[in-house]
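Participant: Next comes the structure file run-v4.cif, holding mmCIF, C-alpha atoms and all ligand atoms.
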```cif
data_data
#
loop_
_atom_site.label_atom_id
_atom_site.label_comp_id
_atom_site.auth_asym_id
_atom_site.auth_seq_id
_atom_site.Cartn_x
_atom_site.Cartn_y
_atom_site.Cartn_z
CA MET A 17 175.88 27.30 49.54
CA ASP A 18 173.79 24.57 51.22
CA ALA A 19 172.16 22.18 48.80
CA VAL A 20 168.82 22.44 50.57
CA LEU A 21 167.12 25.82 50.90
CA LYS A 22 165.89 26.86 54.32
CA ILE A 23 162.92 29.14 54.84
CA GLY A 24 162.65 30.71 58.27
CA GLY A 25 165.45 28.36 59.29
CA VAL A 26 163.53 25.24 58.23
CA PRO A 27 164.89 23.04 55.41
CA VAL A 28 162.34 22.66 52.61
CA THR A 29 162.90 18.89 52.63
CA GLU A 30 161.59 18.84 56.19
CA LEU A 31 158.53 20.85 55.16
CA LYS A 32 157.81 18.41 52.36
CA GLU A 33 158.15 15.43 54.68
CA ARG A 34 155.98 16.89 57.38
CA TYR A 35 153.22 18.61 55.41
CA GLY A 36 153.41 17.29 51.84
CA THR A 37 153.14 19.39 48.68
CA PRO A 38 151.90 21.62 47.19
CA LEU A 39 152.41 23.78 50.23
CA TYR A 40 152.08 27.51 50.86
CA VAL A 41 155.00 28.50 53.08
CA TYR A 42 155.10 31.87 54.85
CA ASP A 43 158.19 33.28 56.50
CA GLU A 44 156.63 34.79 59.61
CA GLU A 45 159.52 37.18 60.26
CA LYS A 46 158.94 38.72 56.83
CA LEU A 47 155.22 39.16 57.53
CA LEU A 48 156.03 40.82 60.84
CA HIS A 49 158.68 42.98 59.21
CA GLN A 50 156.24 44.34 56.63
CA CYS A 51 153.62 45.13 59.27
CA ARG A 52 156.23 46.89 61.40
CA GLN A 53 157.48 48.89 58.43
CA TYR A 54 153.98 50.18 57.78
CA SER A 55 153.43 51.06 61.45
CA GLN A 56 156.80 52.77 61.65
CA TYR A 57 156.77 54.75 58.42
CA PHE A 58 153.14 55.48 57.78
CA SER A 59 152.83 58.06 60.50
CA CYS A 60 153.37 61.79 60.83
CA ASP A 61 152.57 64.73 63.10
CA ALA A 62 150.17 66.44 60.75
CA PHE A 63 147.57 63.64 60.57
CA ASP A 64 146.33 60.62 62.43
CA THR A 65 147.13 57.59 60.34
CA GLU A 66 145.80 54.05 60.16
CA VAL A 67 147.02 51.09 58.14
CA LEU A 68 144.37 48.57 57.14
CA TYR A 69 145.51 45.19 55.91
CA ALA A 70 143.53 44.33 52.75
CA SER A 71 142.71 40.80 53.78
CA LYS A 72 141.69 39.70 50.28
CA ALA A 73 145.43 39.26 49.59
CA PHE A 74 145.67 36.39 52.09
CA SER A 75 143.12 35.70 54.75
CA CYS A 76 143.11 33.01 57.39
CA ILE A 77 142.65 33.25 61.11
CA GLU A 78 146.33 33.05 61.99
CA MET A 79 147.29 35.73 59.48
CA LEU A 80 144.67 38.09 60.83
CA ARG A 81 145.78 37.41 64.39
CA LEU A 82 149.28 38.40 63.37
CA VAL A 83 147.97 41.58 61.77
CA LYS A 84 145.96 42.37 64.88
CA ASN A 85 148.94 41.82 67.16
CA GLN A 86 150.91 44.24 65.03
CA GLY A 87 148.28 46.91 65.59
CA LEU A 88 146.94 47.05 62.04
CA SER A 89 143.26 47.28 61.16
CA VAL A 90 141.60 45.12 58.52
CA ASP A 91 139.69 45.69 55.30
CA VAL A 92 137.18 43.00 54.33
CA VAL A 93 135.09 42.67 51.22
CA SER A 94 132.69 39.81 51.90
CA MET A 95 130.92 37.98 54.68
CA GLY A 96 133.61 35.29 54.54
CA GLU A 97 136.45 37.75 55.02
CA LEU A 98 134.49 39.48 57.75
CA PHE A 99 133.75 36.19 59.51
CA THR A 100 137.45 35.30 59.40
CA ALA A 101 138.42 38.69 60.84
CA LEU A 102 135.90 38.36 63.67
CA LYS A 103 137.08 34.79 64.35
CA ALA A 104 140.62 36.11 64.58
CA GLY A 105 139.44 38.48 67.29
CA ILE A 106 139.71 41.71 65.32
CA SER A 107 137.62 44.30 67.06
CA PRO A 108 134.69 45.51 64.89
CA ASP A 109 135.91 49.07 65.29
CA ARG A 110 139.07 48.05 63.42
CA ILE A 111 137.17 46.51 60.52
CA TYR A 112 136.36 48.37 57.29
CA PHE A 113 133.73 46.78 55.07
CA HIS A 114 134.19 47.20 51.31
CA GLY A 115 132.32 45.94 48.27
CA ASN A 116 130.45 47.24 45.26
CA ASN A 117 127.56 44.84 45.72
CA LYS A 118 127.27 43.92 49.36
CA THR A 119 124.24 41.69 49.73
CA LEU A 120 121.51 42.43 52.24
CA GLU A 121 122.61 39.37 54.19
CA GLU A 122 126.20 40.65 54.30
CA ILE A 123 125.11 44.13 55.33
CA GLN A 124 122.94 42.78 58.11
CA TYR A 125 125.66 40.43 59.28
CA ALA A 126 128.17 43.28 59.42
CA LEU A 127 125.74 45.58 61.23
CA ASP A 128 124.72 42.82 63.66
CA ASN A 129 128.39 42.55 64.51
CA HIS A 130 128.75 46.34 64.88
CA VAL A 131 131.33 46.75 62.15
CA GLN A 132 132.29 50.36 62.59
CA THR A 133 133.03 51.55 59.06
CA PHE A 134 131.46 50.81 55.69
CA ILE A 135 133.03 51.98 52.49
CA VAL A 136 129.90 52.71 50.52
CA ASP A 137 130.02 52.20 46.79
CA ASN A 138 126.72 53.50 45.45
CA LEU A 139 123.44 55.23 46.17
CA GLN A 140 121.37 52.08 46.61
CA GLU A 141 123.75 50.86 49.27
CA ALA A 142 123.34 54.19 51.06
CA TYR A 143 119.53 53.86 51.03
CA LEU A 144 119.79 50.34 52.38
CA LEU A 145 122.09 51.41 55.19
CA VAL A 146 119.79 54.25 56.21
CA GLU A 147 116.92 51.78 56.32
CA GLU A 148 118.87 49.18 58.30
CA MET A 149 120.20 51.69 60.80
CA LYS A 150 116.62 52.70 61.76
CA THR A 151 116.41 49.66 64.00
CA ARG A 152 119.93 49.69 65.37
CA ASP A 153 121.40 51.67 68.16
CA TYR A 154 125.03 52.14 67.35
CA VAL A 155 126.83 54.65 65.19
CA LEU A 156 127.99 53.52 61.78
CA HIS A 157 130.82 55.42 60.11
CA VAL A 158 130.88 55.72 56.35
CA LEU A 159 133.46 56.52 53.72
CA LEU A 160 132.27 57.01 50.17
CA ARG A 161 134.25 55.30 47.46
CA ILE A 162 135.21 57.61 44.62
CA ASN A 163 136.54 56.62 41.25
CA PRO A 164 139.34 59.19 40.88
CA CYS A 165 139.92 58.23 37.23
CA ILE A 166 143.64 57.77 37.49
CA GLU A 167 145.30 55.43 35.05
CA ALA A 168 147.93 53.40 36.83
CA HIS A 169 150.29 51.37 34.68
CA THR A 170 149.37 47.87 35.63
CA HIS A 171 147.47 44.95 34.16
CA ALA A 172 144.03 45.97 32.85
CA TYR A 173 142.29 43.46 35.13
CA ILE A 174 143.76 45.02 38.25
CA GLN A 175 143.31 48.65 37.27
CA THR A 176 140.33 49.94 39.15
CA ALA A 177 140.05 53.59 38.39
CA ASN A 178 139.43 53.91 34.68
CA ILE A 179 136.44 55.97 33.58
CA ASP A 180 133.88 53.18 33.57
CA SER A 181 135.29 51.22 36.49
CA LYS A 182 132.65 49.29 38.38
CA PHE A 183 133.98 50.67 41.66
CA GLY A 184 132.84 53.86 43.35
CA ILE A 185 131.26 57.02 42.06
CA HIS A 186 132.93 58.93 39.29
CA LEU A 187 134.81 61.94 40.55
CA GLU A 188 132.94 64.36 38.34
CA SER A 189 129.48 63.10 39.23
CA ILE A 190 129.25 65.78 41.89
CA SER A 191 125.46 65.71 42.15
CA GLN A 192 125.51 61.93 42.71
CA ILE A 193 128.13 62.37 45.39
CA VAL A 194 126.14 65.10 47.11
CA ASP A 195 122.91 63.06 46.86
CA LEU A 196 124.57 60.09 48.42
CA ILE A 197 126.00 62.08 51.33
CA GLN A 198 122.64 63.80 51.91
CA THR A 199 120.98 60.39 51.93
CA LEU A 200 123.37 59.14 54.58
CA LYS A 201 122.75 62.26 56.64
CA GLN A 202 119.06 61.36 56.96
CA SER A 203 120.11 58.84 59.58
CA ASN A 204 121.06 59.89 63.08
CA HIS A 205 123.02 56.69 63.36
CA ILE A 206 125.31 57.26 60.40
CA VAL A 207 128.31 59.55 60.35
CA PHE A 208 129.84 60.48 57.03
CA ASP A 209 133.60 60.60 57.62
CA GLY A 210 135.01 61.16 54.16
CA PHE A 211 136.23 59.51 51.00
CA HIS A 212 137.99 56.42 49.77
CA ALA A 213 139.83 55.78 46.52
CA HIS A 214 141.96 52.92 45.24
CA ILE A 215 143.76 53.27 41.93
CA GLY A 216 144.82 49.70 41.23
CA SER A 217 147.32 47.09 42.26
CA GLN A 218 151.02 46.34 41.78
CA ILE A 219 151.75 50.01 41.10
CA PHE A 220 155.36 51.14 40.90
CA GLU A 221 155.02 54.86 40.24
CA LYS A 222 154.89 57.31 43.11
CA GLU A 223 153.40 59.81 40.69
CA ALA A 224 150.16 57.84 40.44
CA PHE A 225 149.64 58.15 44.20
CA VAL A 226 150.59 61.83 44.17
CA LYS A 227 148.00 62.42 41.47
CA GLU A 228 145.42 60.47 43.44
CA ILE A 229 146.02 62.62 46.52
CA GLU A 230 145.87 65.89 44.54
CA THR A 231 142.63 64.75 42.94
CA MET A 232 141.03 63.68 46.20
CA PHE A 233 141.96 66.87 48.06
CA SER A 234 140.55 68.91 45.23
CA LEU A 235 137.28 66.97 45.56
CA ILE A 236 137.30 67.46 49.32
CA ASP A 237 137.74 71.19 48.72
CA THR A 238 134.81 71.24 46.30
CA MET A 239 132.66 69.46 48.88
CA GLN A 240 133.78 71.79 51.62
CA LYS A 241 132.65 74.75 49.52
CA LYS A 242 129.24 73.08 49.36
CA GLY A 243 129.17 72.83 53.13
CA ILE A 244 130.07 69.13 53.27
CA LEU A 245 132.97 68.52 55.63
CA CYS A 246 135.01 65.37 55.87
CA ASN A 247 137.71 64.33 58.25
CA THR A 248 139.06 61.10 56.75
CA LEU A 249 140.72 60.15 53.48
CA ASN A 250 141.45 56.52 52.62
CA LEU A 251 143.89 56.18 49.72
CA GLY A 252 143.53 52.42 49.16
CA GLY A 253 146.37 50.01 48.53
CA GLY A 254 148.21 48.86 45.43
CA PHE A 255 151.88 49.21 46.38
CA ALA A 256 154.06 47.04 44.17
CA VAL A 257 156.22 44.12 45.24
CA HIS A 258 159.13 42.15 43.85
CA TYR A 259 158.16 39.11 41.78
CA THR A 260 161.11 38.96 39.40
CA ASN A 261 164.33 40.89 39.05
CA GLU A 262 162.61 43.26 36.64
CA ASP A 263 160.51 44.56 39.54
CA GLN A 264 161.91 47.46 41.53
CA PRO A 265 159.26 48.34 44.09
CA ILE A 266 159.46 51.57 46.05
CA PRO A 267 160.39 50.93 49.69
CA ILE A 268 157.57 51.38 52.21
CA SER A 269 159.55 54.16 53.91
CA VAL A 270 159.77 56.13 50.66
CA PHE A 271 156.21 55.99 49.43
CA SER A 272 154.87 56.45 52.98
CA SER A 273 156.69 59.75 53.19
CA VAL A 274 155.69 60.70 49.63
CA ILE A 275 152.05 60.05 50.49
CA LEU A 276 152.08 61.87 53.79
CA GLU A 277 154.09 64.82 52.50
CA THR A 278 151.78 65.22 49.53
CA CYS A 279 148.78 65.13 51.88
CA GLN A 280 150.38 67.87 53.96
CA LYS A 281 151.05 69.98 50.88
CA MET A 282 147.45 69.61 49.79
CA GLN A 283 146.27 70.47 53.28
CA GLU A 284 148.27 73.68 53.19
CA LEU A 285 146.80 74.49 49.80
CA TYR A 286 143.15 73.76 50.55
CA HIS A 287 142.85 74.03 54.36
CA THR A 288 140.46 71.11 54.51
CA ASN A 289 139.06 69.45 57.59
CA ILE A 290 140.98 66.21 56.94
CA GLN A 291 142.48 64.81 60.12
CA LYS A 292 143.07 61.20 59.28
CA ILE A 293 144.80 59.40 56.40
CA LEU A 294 144.31 55.68 55.80
CA ILE A 295 145.97 53.21 53.46
CA GLU A 296 145.03 49.61 52.65
CA PRO A 297 148.02 47.54 51.60
CA GLY A 298 147.42 43.85 50.92
CA ARG A 299 149.96 42.44 48.50
CA SER A 300 152.93 44.38 49.90
CA ILE A 301 152.40 42.85 53.34
CA VAL A 302 152.20 39.22 52.28
CA ALA A 303 153.50 38.61 48.75
CA GLU A 304 157.23 38.30 49.33
CA ALA A 305 156.82 36.45 52.62
CA GLY A 306 155.07 33.57 50.87
CA SER A 307 156.34 30.87 48.51
CA THR A 308 154.82 27.71 47.14
CA LEU A 309 156.60 24.40 47.45
CA TYR A 310 155.88 21.77 44.81
CA THR A 311 157.17 18.31 44.01
CA VAL A 312 158.41 17.77 40.48
CA GLY A 313 156.46 15.03 38.73
CA PHE A 314 156.99 14.04 35.13
CA ILE A 315 159.40 15.81 32.82
CA LYS A 316 158.71 15.95 29.12
CA LYS A 317 160.34 17.29 25.98
CA THR A 318 158.30 18.66 23.11
CA PRO A 319 159.84 19.92 19.84
CA HIS A 320 160.59 23.35 21.31
CA LYS A 321 160.25 23.01 25.05
CA LYS A 322 161.20 21.05 28.07
CA TYR A 323 158.34 20.81 30.54
CA VAL A 324 158.80 20.34 34.25
CA PHE A 325 155.43 19.36 35.69
CA VAL A 326 154.60 20.11 39.30
CA ASP A 327 151.87 18.76 41.57
CA GLY A 328 149.89 22.02 41.64
CA GLY A 329 149.33 24.79 39.13
CA MET A 330 146.60 27.23 38.23
CA SER A 331 144.35 25.97 41.02
CA ASP A 332 146.80 27.18 43.69
CA ASN A 333 148.18 30.11 41.69
CA ILE A 334 145.94 31.46 38.98
CA ARG A 335 147.94 34.67 38.52
CA PRO A 336 150.15 33.51 35.60
CA SER A 337 147.15 32.36 33.56
CA LEU A 338 144.95 35.29 34.55
CA TYR A 339 147.42 38.19 34.40
CA GLN A 340 150.49 36.73 32.67
CA ALA A 341 152.16 37.22 36.06
CA LYS A 342 155.85 36.37 36.21
CA TYR A 343 157.64 34.50 38.98
CA GLU A 344 161.09 33.25 39.96
CA ALA A 345 161.67 29.67 41.10
CA ASP A 346 164.40 27.25 42.11
CA ILE A 347 164.95 23.56 42.50
CA VAL A 348 165.30 23.97 46.23
CA ASN A 349 166.92 20.66 47.11
CA HIS A 350 169.74 21.39 44.62
CA MET A 351 170.59 24.98 45.43
CA ASP A 352 174.29 24.22 44.99
CA GLN A 353 173.93 23.31 41.31
CA LYS A 354 174.24 25.59 38.31
CA LYS A 355 171.10 26.64 36.50
CA THR A 356 171.86 25.10 33.16
CA GLU A 357 168.44 24.15 31.88
CA ILE A 358 165.81 26.38 30.36
CA VAL A 359 162.45 24.84 31.13
CA CYS A 360 158.76 25.57 31.27
CA VAL A 361 157.17 24.93 34.65
CA ALA A 362 153.62 23.69 34.15
CA GLY A 363 150.90 22.51 36.46
CA LYS A 364 148.69 19.45 36.45
CA CYS A 365 145.39 21.06 35.52
CA CYS A 366 143.56 20.07 32.39
CA GLU A 367 144.08 23.42 30.69
CA SER A 368 146.76 24.46 28.19
CA GLY A 369 147.10 27.79 29.96
CA ASP A 370 148.14 26.07 33.17
CA ILE A 371 151.71 27.31 32.92
CA LEU A 372 153.31 28.66 36.08
CA ILE A 373 156.53 29.92 34.47
CA ASP A 374 156.86 29.88 30.71
CA SER A 375 160.63 29.96 30.54
CA ILE A 376 163.11 29.84 33.38
CA ALA A 377 166.68 28.68 33.99
CA LEU A 378 166.75 25.95 36.63
CA SER A 379 169.31 23.47 37.83
CA PRO A 380 168.80 20.02 36.32
CA CYS A 381 165.96 18.24 38.06
CA ASP A 382 164.22 14.93 38.20
CA SER A 383 160.93 13.54 39.43
CA GLY A 384 160.74 13.87 43.19
CA ASP A 385 162.83 17.04 43.39
CA LEU A 386 161.36 20.09 45.08
CA LEU A 387 160.53 23.24 43.17
CA MET A 388 159.72 26.45 44.95
CA VAL A 389 158.00 29.43 43.36
CA TYR A 390 158.76 32.65 45.24
CA SER A 391 156.59 35.67 46.09
CA THR A 392 153.31 33.79 45.92
CA GLY A 393 152.07 35.05 49.28
CA ALA A 394 149.45 37.43 47.87
CA TYR A 395 146.43 36.34 45.85
CA GLY A 396 147.65 32.74 45.67
CA PHE A 397 145.94 30.94 48.52
CA SER A 398 143.18 33.55 48.47
CA MET A 399 142.40 32.88 44.79
CA PHE A 400 142.66 29.11 45.11
CA ASN A 401 140.04 27.21 43.16
CA ASN A 402 139.06 23.57 43.07
CA TYR A 403 139.37 23.20 39.31
CA ASN A 404 139.77 19.52 38.45
CA ARG A 405 138.77 18.94 42.06
CA ASN A 406 142.30 19.59 43.17
CA LEU A 407 142.59 19.81 46.93
CA ARG A 408 143.49 23.13 48.55
CA PRO A 409 147.10 22.96 49.78
CA ALA A 410 148.02 23.44 53.41
CA VAL A 411 149.55 26.69 54.69
CA VAL A 412 152.44 26.77 57.12
CA PHE A 413 154.21 29.59 58.92
CA VAL A 414 157.93 29.17 59.55
CA LYS A 415 160.06 31.12 61.97
CA GLU A 416 163.35 30.63 63.82
CA GLY A 417 163.77 27.05 62.70
CA ASN A 418 160.20 25.99 63.53
CA SER A 419 157.17 25.42 61.37
CA ARG A 420 153.50 25.36 62.26
CA LEU A 421 150.42 24.48 60.33
CA VAL A 422 147.99 27.40 60.00
CA VAL A 423 145.60 25.97 57.41
CA LYS A 424 145.15 22.22 56.99
CA ARG A 425 145.29 20.59 53.60
CA GLU A 426 141.82 19.94 52.25
CA THR A 427 140.76 16.29 52.29
CA LEU A 428 138.74 14.31 49.77
CA GLN A 429 135.91 14.07 52.26
CA GLU A 430 135.90 17.87 52.68
CA LEU A 431 135.87 18.23 48.92
CA VAL A 432 132.52 16.45 48.60
CA ARG A 433 131.13 17.69 51.93
CA GLY A 434 128.54 19.84 50.26
CA ASP A 435 127.60 17.41 47.53
CA VAL A 436 124.10 16.07 47.98
CA CYS A 437 123.63 12.39 47.22
CA ASP A 438 120.99 9.87 48.23
CA GLU A 439 123.34 7.14 49.23
CA ASP A 440 127.01 7.19 50.00
CA PRO A 441 128.68 4.90 47.45
CA VAL A 442 132.05 4.77 49.21
N1 LIG A 501 141.85 48.33 48.71
C1 LIG A 501 140.97 48.04 47.74
C2 LIG A 501 139.72 48.77 47.68
C3 LIG A 501 141.25 47.05 46.81
O1 LIG A 501 140.38 46.79 45.85
C4 LIG A 501 142.48 46.34 46.89
C5 LIG A 501 142.78 45.29 45.95
C6 LIG A 501 143.37 46.67 47.93
C7 LIG A 501 143.02 47.68 48.81
C8 LIG A 501 144.68 45.98 48.11
O2 LIG A 501 145.51 46.15 47.01
P1 LIG A 501 147.00 45.58 47.07
O3 LIG A 501 147.77 46.38 48.08
O4 LIG A 501 146.91 44.15 47.48
O5 LIG A 501 147.51 45.74 45.68
N2 LIG A 501 144.01 39.51 42.31
C9 LIG A 501 144.86 40.56 41.81
C10 LIG A 501 144.81 41.79 42.66
C11 LIG A 501 143.42 42.32 42.83
C12 LIG A 501 143.42 43.47 43.78
C13 LIG A 501 142.04 43.79 44.19
N3 LIG A 501 141.95 44.89 45.07
C14 LIG A 501 146.28 40.03 41.69
O6 LIG A 501 146.51 38.86 42.00
O7 LIG A 501 147.18 40.73 41.24
#
```
Please lay out the structure from this file as structure tokens.
Facilitator:
Amino acid sequence: MDAVLKIGGVPVTELKERYGTPLYVYDEEKLLHQCRQYSQYFSCDAFDTEVLYASKAFSCIEMLRLVKNQGLSVDVVSMGELFTALKAGISPDRIYFHGNNKTLEEIQYALDNHVQTFIVDNLQEAYLLVEEMKTRDYVLHVLLRINPCIEAHTHAYIQTANIDSKFGIHLESISQIVDLIQTLKQSNHIVFDGFHAHIGSQIFEKEAFVKEIETMFSLIDTMQKKGILCNTLNLGGGFAVHYTNEDQPIPISVFSSVILETCQKMQELYHTNIQKILIEPGRSIVAEAGSTLYTVGFIKKTPHKKYVFVDGGMSDNIRPSLYQAKYEADIVNHMDQKKTEIVCVAGKCCESGDILIDSIALSPCDSGDLLMVYSTGAYGFSMFNNYNRNLRPAVVFVKEGNSRLVVKRETLQELVRGDVCDEDPV
């Protein structure tokens, strides 16, 4: 085995030299592979299908260009994500706008840019859209977000469909659902297409998705009996990925066929008007393609632990402190050495909870060595925060032995760009 790990054919030592650390590194072939898998397997004869990349998982212009070139659509949840998608050249008819509390400014911005589909969360949003569409002359498509009340076995913070979830309208609130659809129908410029549901994130069980589909088709049937037809069902995202060896995610090919076959079964049962099935994967497209490269700083022993400190931490990856998320890592300039040390990998933030990996076997390391945490491609960069005024790391894509910068490292000047001061002391 080579001593120095290569990602996309590029030695990590070269990445460190060229771009510095901490550094988000994406293997472009892996990103492309995931997109292609979705395009290939999420299709069938019985329905039209569309895969929307949930851009909250990792959004920057180059990523969205890649997604666009692979023929995927995009789900956005804020003006910032929408702006990035438009900048990347995503056509507004391939953009789906989510959010439980879209502001008026965001709604107007999206409508000004002719975003084709809104996923509406609540009645007030529906009223606002009807009002706004009075002065516009294009057709807005709408899906209504439903809370299908399905408990998926994942961290409580990333479950979204428990009974009092803040997202969508509760499945059994039929009169609210009907009211909302009738409200939308007051506008000649709004077309109600159907329903959306999302049951959570990092979900391993096929059964949860099967249950979601059964539940949603039953609702569609109920609506149909009330004379409300819909042609589209969006099943959200949430497909699990591999972080550590304990994780055994279902391959895209398998759950794609489970989803589409279950939809067909339900269609045979209920004879609905559904013609199109959508999914919104985020994490499963980007997580495993991304890793974070750090430089080891100080090393310290405490009575019960050996700490390896790295030059990043909870500001570039908040998931361990927020969700107790687990990761694998290596000393990537000593890949040929045995992992003989049990250490705790901690960051540099002024917070006891700033632990990236509580306990992991690594090869012996020293200050200046390179440590890479794997599978950080989803919700790492996108949940970056400037705590302690740490600078946002750069992002690079690597492929076939070449690397390219896709997001520059933040500078000190950029950090204080928005700060208002009377005189510049420096
Ligand atoms: N669609 C909707 C409506 C969503 O809310 C989400 C994620 C997705 C799709 C994409 O889910 P995915 O395929 O990425 O699991 N920050 C958390 C995850 C929050 C997920 C929020 N919604 C984490 O780092 O685990």
Participant: Do a neighbour search on Pro409 of chain A at 9 Å with only C-alpha atoms, toss out local chain neighbours closer than 3 positions, and write the hits as a tab-separated table (two decimals) with C-alpha atoms, in the coordinates of the input.
Facilitator:
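Saved as around37.tsv:
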```
chain	number	residue	atom	x	y	z
A	36	GLY	CA	153.41	17.29	51.84
A	37	THR	CA	153.14	19.39	48.68
A	38	PRO	CA	151.90	21.62	47.19
A	39	LEU	CA	152.41	23.78	50.23
A	40	TYR	CA	152.08	27.51	50.86
A	328	GLY	CA	149.89	22.02	41.64
A	332	ASP	CA	146.80	27.18	43.69
A	397	PHE	CA	145.94	30.94	48.52
A	400	PHE	CA	142.66	29.11	45.11
A	406	ASN	CA	142.30	19.59	43.17
A	423	VAL	CA	145.60	25.97	57.41
A	424	LYS	CA	145.15	22.22	56.99
A	425	ARG	CA	145.29	20.59	53.60
A	426	GLU	CA	141.82	19.94	52.25
```
Participant: So how far away is atom CA of Val412 of chain A from atom CA of Leu31 of chain A, in Å?
Facilitator: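 Straight-line distance from atom CA of Leu31 of chain A to atom CA of Val412 of chain A works out to 8.7 Å.
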Participant: Using all atoms listed in the file, which residues have at least one atom no more than 9 Å from ligand LIG 501 (chain A)? Output them as number ranges by chain.
Facilitator: A: 68-73, 91, 93, 114-115, 135, 161, 171, 173-176, 183, 212-219, 251-257, 295-303, 333-335, 338-339, 341, 394-396, 398-399
Participant: As AutoDock Vina command-line options, please report the centre and edge lengths, rounded to one decimal in Å, of the axis-aligned box that holds all listed atoms of segment 364-377 of chain A with 5 Å of padding on each of the six sides.
Facilitator:
```
--center_x 155.1 --center_y 24.7 --center_z 32.3 --size_x 33.1 --size_y 20.5 --size_z 18.3
```
Participant: With distances taken over only C-alpha atoms, which residue among A:Met282, A:Met351, A:Val83, A:Leu187 lies nearest Ser55 of chain A?
Facilitator: A:Val83
Participant: Using all atoms listed in the file, I'd like a table of the residues in segment 266-382 of chain A that come within 12 Å of segment 197-209 of chain A; for each, show the closest atom pair and its distance in Å rounded to one decimal, ordered by chain and ascending number, as JSON lines.
Facilitator:
```
{"residue": "A:Asn289", "atom": "CA", "partner": "A:Asp209", "partner_atom": "CA", "distance": 10.4}
{"residue": "A:Ile290", "atom": "CA", "partner": "A:Asp209", "partner_atom": "CA", "distance": 9.3}
{"residue": "A:Gln291", "atom": "CA", "partner": "A:Asp209", "partner_atom": "CA", "distance": 10.1}
{"residue": "A:Lys292", "atom": "CA", "partner": "A:Asp209", "partner_atom": "CA", "distance": 9.6}
{"residue": "A:Ile293", "atom": "CA", "partner": "A:Asp209", "partner_atom": "CA", "distance": 11.3}
{"residue": "A:Leu294", "atom": "CA", "partner": "A:Asp209", "partner_atom": "CA", "distance": 11.9}
```
Participant: Counting all atoms listed in the file, find residues at most 7 Å from (166.3, 25.7, 64.2) (file frame) and give them as a ChimeraX atom specification.
Facilitator: /A:25-26,416-418
Participant: Could you turn the residues from that selection into a file that holds C-alpha atoms, as an mmCIF file, in the frame of the given file?
Facilitator:
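Dumped to out.cif:
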```cif
data_model
loop_
_atom_site.group_PDB
_atom_site.id
_atom_site.type_symbol
_atom_site.label_atom_id
_atom_site.label_comp_id
_atom_site.auth_asym_id
_atom_site.auth_seq_id
_atom_site.Cartn_x
_atom_site.Cartn_y
_atom_site.Cartn_z
ATOM 1 C CA GLY A 25 165.450 28.360 59.290
ATOM 2 C CA VAL A 26 163.530 25.240 58.230
ATOM 3 C CA GLU A 416 163.350 30.630 63.820
ATOM 4 C CA GLY A 417 163.770 27.050 62.700
ATOM 5 C CA ASN A 418 160.200 25.990 63.530
#
```
Participant: One number please: atom CA of Phe325 of chain A to atom CA of Val312 of chain A, in Å, one decimal.
Facilitator: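 Between atom CA of Phe325 of chain A and atom CA of Val312 of chain A the gap works out to 5.9 Å.
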Participant: Please list, as a CSV table (one decimal) with C-alpha atoms, keeping the file's coordinate frame, the residues that have an atom at most 6 Å away from (139.3, 44.1, 57.5) in the coordinates of this file, counting all atoms listed in the file.
Facilitator:
```csv
chain,number,residue,atom,x,y,z
A,90,VAL,CA,141.6,45.1,58.5
A,91,ASP,CA,139.7,45.7,55.3
A,92,VAL,CA,137.2,43.0,54.3
A,111,ILE,CA,137.2,46.5,60.5
A,112,TYR,CA,136.4,48.4,57.3
```
Participant: Which of these residues is nearest to Thr288 of chain A, using only C-alpha atoms: A:Ile266, A:His320, A:Ser234, A:Ile123?
Facilitator: A:Ser234
Participant: What is the atom CA of Lys84 of chain A to atom CA of Thr100 of chain A distance in Å?
Facilitator: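 These two atoms are separated by 12.3 Å.
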Participant: Rank A:Ala345, A:Gly329, A:Val389, A:Ile106 by their smallest atom-to-atom distance to Glu367 of chain A, using only C-alpha atoms, and report the top residue only.
Facilitator: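 Looking only at the distances to Glu367 of chain A, the closest residue turns out to be A:Gly329.
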Participant: Of the candidates A:Gln240, A:Val422, A:Phe220, A:Cys360, which one gets nearest to Leu80 of chain A if we count all atoms listed in the file?
Facilitator: A:Val422
Participant: Restricting the calculation to only C-alpha atoms, which member of A:Val131, A:Leu249, A:Cys365, A:Ile185 is positioned closest to Leu102 of chain A?
Facilitator: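 Using only C-alpha atoms, Leu102 of chain A sits closest to A:Val131.
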Participant: Could you list, as a ChimeraX atom specification, every residue within 9 Å of Gln140 of chain A, counting all atoms listed in the file and ignoring same-chain residues fewer than 4 positions away?
Facilitator: /A:144-145,196
